[in-house]
Each structure stands twice: as structure tokens, then as C-alpha cells.
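Peer 1: This is the structure I want to talk about, given as C-alpha cells.
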Amino acid sequence: MATVAFIGLGRMGHGMAGRYLDNGFAVAVWNRSKAKAEDLIARGARWAASPADAAEGADAVVTMVADDAASSAVWLGKDGAASAMKPGALAIECSTVSYQHALDLARELRGRGLVYIDCPVTGLPEAAASGKLTLLAGAEPADLEKARPFLAPLCTTIRHFGAVGGGTVYKLINNLMGAVQIASLAEGIAIAERAGLDMNLVAEAMATGAVASPQVIRHSKRMVARDFSGASFTAALRHKDAAYAVALAETLLSGVPVSRAALAAYDRAKAHAPDDDEGRMIEIVSRPK
């Protein structure tokens with residue numbers, strides 16, 4: 001039986017870890033809070049005392065944590081997973097991290113005889129729990145083939161963007177464009193409200209017209225109704241991803257004014273309600289002068 005260590009049981013990671021149990025893997029789990037693992041333990045997962053404990057003997061270690069700092073801690077920190085992994089084991093980073101972090105972590109883990117793949121994901125928590133994510137992989141072709149049995153339970157699609165770091169580059173582009181769309185959507189809705197338009201009609205038109213995108217479709221009616229229940233992505237996380245993306249963009253392009261404007265909008269959202277749904281952007285931009 002193949003063994004997986006899964007580290008990070010947040011909104012996405014919890015469902016992803018459950019997919020390995022659904023597919024007959026032996027699963028060890030670690031999270032800062034054990035409470036988030038209780039139902040997985042009841043289903044047969046082994047609770048680990050540390051990332052290193054989870055990684056002991058695992059064929060693959062999969063992480064889904066918040067940012068570069070958390071990634072460094074669970075892989076390389078005290079009792080980090082890398083200290084206990086067997087040579088040739090797969091190190092699969094599904095977290096959204098910075099491009100430079102992905103390269104640095106790959107170099108460090110490869111130096112320890114491990115196979116590193118950056119493999120961030122797209123999809124909502126319900127897709128994570130049902131194995132319908134899209135995976136954005138950066139890996140050597142042979143390494144990706146070795147990893148496929150451990151990626152298949154999570155997804156319907158694997159997009160291979162080339163060498164290590166490629167998946168992270170695309171994920172940052174994806175989430176930066178999402179930040180631009182959500183920030184501009186909030187401003188558009190605020191303008192329509194101030195102009196006295198029929199807001200139900202506005203929401204319908206935005207979600208079905210030429211400007212519709214998955215982000216617009218998801219957030220337009222929620223912004224109009226000010227209904228932010230069922231949060232799946234917070235302002236703080238979007239801000240983090242946008243900041244990583246802008247940092248990368250500024251090493252490649254002469255200027256990124258639209259991206260910088262979106263990041264500035266998320267600076268305000270993070271200050272206002274960092275742990276709330278990012279759709280609350282509408283409450284910020286619709287304030288009176």
C-alpha cells in the first residue's frame with residue numbers, strides 16, 4: 001500500500017487529504033491544530049506529532065500551507081518533513097508560494113536526494129474534496145510520471161508547465177488576474193449602486209455578459225447582496241498571492257501598473273478584514289468620500 005504524508009489541513013488541504021483515504025492510500029496527517037484532523041483520523045488517517053513524524057517512511061509528502069514561511073517551516077524547520085524522508089521520495093508542494101521559494105526549496109530538497117515537484121492547484125474546497133481540482137505542475141517529465149499516481153486522486157486535469165517553478169509561475173498569474181477582476185468588479189458594482197441602477201439586473205448582466213469570468217460569476221451576486229457566507233478565499237491570502245506575483249512580474253517586465261493597482265486594493269482589504277471573504281472588497285470601495 002502506497003503511503004502519503006499530508007501536511008496542512010485548511011479549507012483545501014482537508015479535502016485533499018481525504019481523497020487519499022478515499023483511494024486506499026495509507027495516510028499520515030499533520031496540522032498545527034489537531035482538531036481539523038479528527039474526522040480524518042476517524043476514517044483511518046494516522047495523526048503525526050510533527051511533519052517529520054508524518055514523513056517517516058512515506059512514498060510522497062504533500063503540503064498545502066499558507067505561504068513561503070509556512071512552507072519553509074514544514075519542510076526544513078525543526079522536525080521538518082525533509083529530515084525524515086527516505087531517499088527518492090516525492091516532495092509535492094501544492095501550496096501557492098513565491099517563484100523564488102519554489103526554486104530554492106527544489107534545490108535544497110534535491111540536494112537531499114528527494115524528488116521535488118511544485119504543483120499548486122486551482123479549484124474551490126468542494127473540488128478538493130471530490131478530486132476535481134486542476135493541478136499546475138512544474139517538474140522534470142520523468143519526475144511527473146513518477147508522481148502521477150499520487151496526483152491522480154486529487155484532480156481531473158494536470159497541466160504541466162515545464163521545469164520546476166513553472167507551475168508556480170502560472171498559479172501566480174492566475175491568482176493575480178483574479179485579484180484584478182475582483183477589485184474591478186467591486187468598483188463596477190459600487191458605481192452602479194451610486195448611479196441608482198437595478199442591482200439585480202446589474203448582477204445578472206455581469207454574470208452573463210461580455211465581462212463574465214468565473215470570478216465575476218462567483219462574486220457579482222454575492223457583492224450585490226452583501227452575502228459573504230461560505231468564504232473560500234480570504235483577503236489576506238489573495239493579497240499574499242498578488243504580492244508574490246507582482247514581485248515576480250517586476251523582474252520580468254518594465255512596469256505592471258494594473259497589477260500594482262490590484263495589489264494596492266488588496267492592501268486595503270487585508271487591513272479591513274484579512275480573514276474574511278475577499279468579496280468584502282465591495283464594502284471598502286463603496287464607502288462614501
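Within each chain, counting starts at residue 1; across the C-alpha cells, chains are named A, B, ... in the order shown, with ligands numbered 1 upward in that order.
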Near Ala91 of chain A, counting only C-alpha atoms, which residues have an atom at most 12 Å away, once you skip same-chain residues fewer than 4 positions from it, shown as a PyMOL selection string?
Peer 2: chain A and resi 4-7+55+58-64+71+74-76+81-87+95+102+105-110+112-119+139+143-144+146-147+150-151+164
Peer 1: Skip Ala186 of chain A itself and residues of its chain fewer than 3 positions away, then list as a list of chain:residue names all residues within 7 Å of it, counting only C-alpha atoms.
Peer 2: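 In the requested format, the answer is A:Ile182, A:Ala183, A:Ile189, A:Ala190, A:Met281, A:Ile282, A:Val285.
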Peer 1: I'd like the contact shell of segment 201-217 of chain A - 10 Å cut-off, only C-alpha atoms, skipping same-chain residues fewer than 3 positions apart - returned as JSON, numbers by chain.
Peer 2: {"A": [177, 178, 179, 180, 181, 182, 184, 185, 186, 188, 189, 192, 193, 197, 198, 220, 221, 222, 223, 224, 225, 279]}
Peer 1: Mind listing the strand (DSSP E or B) residues of segment 125-163 of chain A, per DSSP on the backbone, as a ChimeraX atom specification?
Peer 2: /A:133-138,155-160
Peer 1: Enumerate as a ChimeraX atom specification all residues of segment 82-115 of chain A assigned to helix (DSSP H, G or I) by DSSP on the backbone, naming them with the chain letters and numbers the document uses.
Peer 2: /A:82-83,99-111
Peer 1: Atom CA of Gly77 of chain A to atom CA of Ala48 of chain A: how many Å, to one decimal?
Peer 2: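 Distance between the two atoms: 15.8 Å.
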Peer 1: I'd like the neighbourhood of Lys270 of chain A as a PyMOL selection string, where a residue qualifies if any of its atoms comes within 6 Å (using only C-alpha atoms), though same-chain residues fewer than 4 positions away should be ignored.
Peer 2: chain A and resi 235-236+266+274
Peer 1: What does the file look like for those residues with N, CA, C and O atoms, as a PDB file, in the first residue's frame?
Peer 2:
```
ATOM      1  N   ALA A 235      -9.132  37.702   2.012  1.00  0.00           N
ATOM      2  CA  ALA A 235      -8.407  38.864   1.503  1.00  0.00           C
ATOM      3  C   ALA A 235      -6.913  38.728   1.747  1.00  0.00           C
ATOM      4  O   ALA A 235      -6.091  39.099   0.900  1.00  0.00           O
ATOM      5  N   ALA A 236      -6.540  38.199   2.914  1.00  0.00           N
ATOM      6  CA  ALA A 236      -5.120  38.061   3.236  1.00  0.00           C
ATOM      7  C   ALA A 236      -4.423  37.095   2.286  1.00  0.00           C
ATOM      8  O   ALA A 236      -3.293  37.339   1.843  1.00  0.00           O
ATOM      9  N   TYR A 266      -5.948  45.338  -2.519  1.00  0.00           N
ATOM     10  CA  TYR A 266      -5.912  44.258  -1.530  1.00  0.00           C
ATOM     11  C   TYR A 266      -5.127  44.636  -0.284  1.00  0.00           C
ATOM     12  O   TYR A 266      -5.331  44.037   0.784  1.00  0.00           O
ATOM     13  N   PRO A 274      -8.839  40.896   7.049  1.00  0.00           N
ATOM     14  CA  PRO A 274      -7.900  39.961   6.437  1.00  0.00           C
ATOM     15  C   PRO A 274      -8.391  38.527   6.342  1.00  0.00           C
ATOM     16  O   PRO A 274      -8.057  37.814   5.389  1.00  0.00           O
TER      17      PRO A 274
END
```
Peer 1: Using only C-alpha atoms, which of the listed residues (A:Ser259, A:Thr234, A:Asp79, A:Leu248) sits closest to Ala271 of chain A?
Peer 2: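 Looking at the shortest contact to Ala271 of chain A, the residue is A:Thr234.
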Peer 1: So that each row is one residue of segment 67-112 of chain A with an atom at most 12 Å from segment 128-135 of chain A, can you give its shortest atom pair and the distance in Å to one decimal, using only C-alpha atoms, rows by chain and rising number, as CSV?
Peer 2:
```
residue,atom,partner,partner_atom,distance
A:Ile92,CA,A:Leu135,CA,11.2
A:Glu93,CA,A:Leu135,CA,10.9
A:Cys94,CA,A:Leu135,CA,8.3
A:Ser95,CA,A:Leu135,CA,11.0
A:Thr96,CA,A:Leu135,CA,11.6
```
